[in-house]
Amino acid sequence: MLVSRWALETFGQRAPLIRQGVADALSVALDNARDAQAAARTDHTHPFGFTLMSRKFEALAETFEDMGDVRVVKPAGSPHELVVLGGKLLFPFRYARDRSVSVMSARIGEGRPSALVRALFQRFGPEPVMRQLTLHDVAPQAAPEAEALAELPPETGLVLIAYACNAHAGLLDAWWGEAELLDRAGSLRWHHCEAIPLPAAGAAGLTPLPAAAFDQGAVPAPALNPRTGAARLVPPSAGEPAPVTPITRAEAASGE
């Protein structure tokens, strides 16, 4: 699968391997969560959800730990470490349990996004298409979390990784891109969203990603044209997934 212009502009020549690393990390996290569920021998999916909640961040950190420009930060008050790679903060979240929900109608967080998540969008998300909301418009309680992120450069960009999964089927699909947070319910407006090819069943693993390899080989031809500003509101051209009218749906409490 060709790499889009957005991915190349975001991650440079490393985009194909970074995309592969994200897919592998998600697959490993899901495998670990399913193993925990099986070991618990219970019909309740709490073991799956709690394991996935931590492992999705840890697996990303493990996958990219040997890269020279990776940074792992743990904001005050957060139980998770966040990966910043090449100035892009990778944030994975589950948007659905099955394929009945379109990623275009994805919501982030359970009910209301956490103060940390709102602060991430406020500081590092893309410029909103509509009126720029202030921190207190969307995140009235996020000021301490925003201060905790002050160590990161202001030009850091937020890259969302949205995936659908469940304890029985495992990882169903995954997407990455940029979006703005629309409201306190966690609704998103995608500025760019594209599918991440997933490894074949049973083939997932933490693929070593030596930094030297990223400077070798030809740059893949972009699959999509860049769409910025008002152009993002134009209907997609052939080959891009058609937008779906957002239908809000809260993520399950487990595995957010």
# chains A, B, ... in the order shown; residues from 1 in each chain; ligands from 1
call {"tool": "select_by_dssp", "arguments": {"residues": "stretch 50-92 of chain A", "states": "alpha helix (DSSP H)", "output": "PyMOL selection string"}}
result
chain A and resi 50-64
call {"tool": "residues_around", "arguments": {"residues": "stretch 179-192 of chain A", "least_positions_apart": "4", "cutoff": "6 Å", "atoms": "only C-alpha atoms", "output": "mmCIF file with N, CA, C and O atoms, in the first residue's frame"}}
result
data_model
loop_
_atom_site.group_PDB
_atom_site.id
_atom_site.type_symbol
_atom_site.label_atom_id
_atom_site.label_comp_id
_atom_site.auth_asym_id
_atom_site.auth_seq_id
_atom_site.Cartn_x
_atom_site.Cartn_y
_atom_site.Cartn_z
ATOM 1 N N ARG A 107 -15.582 9.104 18.365
ATOM 2 C CA ARG A 107 -15.466 10.001 19.511
ATOM 3 C C ARG A 107 -14.294 9.530 20.347
ATOM 4 O O ARG A 107 -13.971 8.348 20.386
ATOM 5 N N ILE A 108 -13.659 10.455 21.013
ATOM 6 C CA ILE A 108 -12.482 10.116 21.808
ATOM 7 C C ILE A 108 -12.823 10.260 23.288
ATOM 8 O O ILE A 108 -13.382 11.260 23.719
ATOM 9 N N GLY A 111 -17.605 9.167 27.309
ATOM 10 C CA GLY A 111 -18.453 10.289 27.676
ATOM 11 C C GLY A 111 -17.753 11.590 27.345
ATOM 12 O O GLY A 111 -17.786 12.063 26.217
ATOM 13 N N ARG A 112 -17.071 12.157 28.314
ATOM 14 C CA ARG A 112 -16.275 13.350 28.096
ATOM 15 C C ARG A 112 -14.796 12.981 28.087
ATOM 16 O O ARG A 112 -14.345 12.200 28.921
ATOM 17 N N PRO A 113 -14.029 13.552 27.167
ATOM 18 C CA PRO A 113 -12.591 13.283 27.161
ATOM 19 C C PRO A 113 -11.955 13.774 28.454
ATOM 20 O O PRO A 113 -12.435 14.724 29.081
ATOM 21 N N PRO A 128 -8.429 24.685 14.166
ATOM 22 C CA PRO A 128 -9.824 24.334 13.880
ATOM 23 C C PRO A 128 -10.336 25.007 12.611
ATOM 24 O O PRO A 128 -9.933 26.122 12.278
ATOM 25 N N VAL A 138 -13.573 24.365 25.716
ATOM 26 C CA VAL A 138 -13.630 22.908 25.557
ATOM 27 C C VAL A 138 -13.114 22.194 26.786
ATOM 28 O O VAL A 138 -13.578 21.128 27.134
#
call {"tool": "residues_around", "arguments": {"residues": "stretch 165-171 of chain A", "least_positions_apart": "4", "cutoff": "8 Å", "atoms": "only C-alpha atoms", "output": "number ranges by chain"}}
result
A: 26-27, 30-31, 33-34, 37, 45, 48, 94, 96-98
call {"tool": "residues_around", "arguments": {"residues": "A:Phe91", "least_positions_apart": "3", "cutoff": "7 Å", "atoms": "only C-alpha atoms", "output": "number ranges by chain"}}
result
A: 159-161
call {"tool": "write_last_selection", "arguments": {"atoms": "N, CA, C and O atoms", "output": "PDB file, in the first residue's frame"}}
result
ATOM      1  N   VAL A 159      -0.845  13.416  16.405  1.00  0.00           N
ATOM      2  CA  VAL A 159      -1.261  12.417  15.418  1.00  0.00           C
ATOM      3  C   VAL A 159      -2.117  11.377  16.131  1.00  0.00           C
ATOM      4  O   VAL A 159      -1.647  10.679  17.035  1.00  0.00           O
ATOM      5  N   LEU A 160      -3.384  11.287  15.729  1.00  0.00           N
ATOM      6  CA  LEU A 160      -4.304  10.334  16.341  1.00  0.00           C
ATOM      7  C   LEU A 160      -4.190   8.980  15.657  1.00  0.00           C
ATOM      8  O   LEU A 160      -4.035   8.896  14.433  1.00  0.00           O
ATOM      9  N   ILE A 161      -4.295   7.930  16.456  1.00  0.00           N
ATOM     10  CA  ILE A 161      -4.317   6.555  15.945  1.00  0.00           C
ATOM     11  C   ILE A 161      -5.612   5.931  16.452  1.00  0.00           C
ATOM     12  O   ILE A 161      -5.740   5.594  17.630  1.00  0.00           O
TER      13      ILE A 161
END
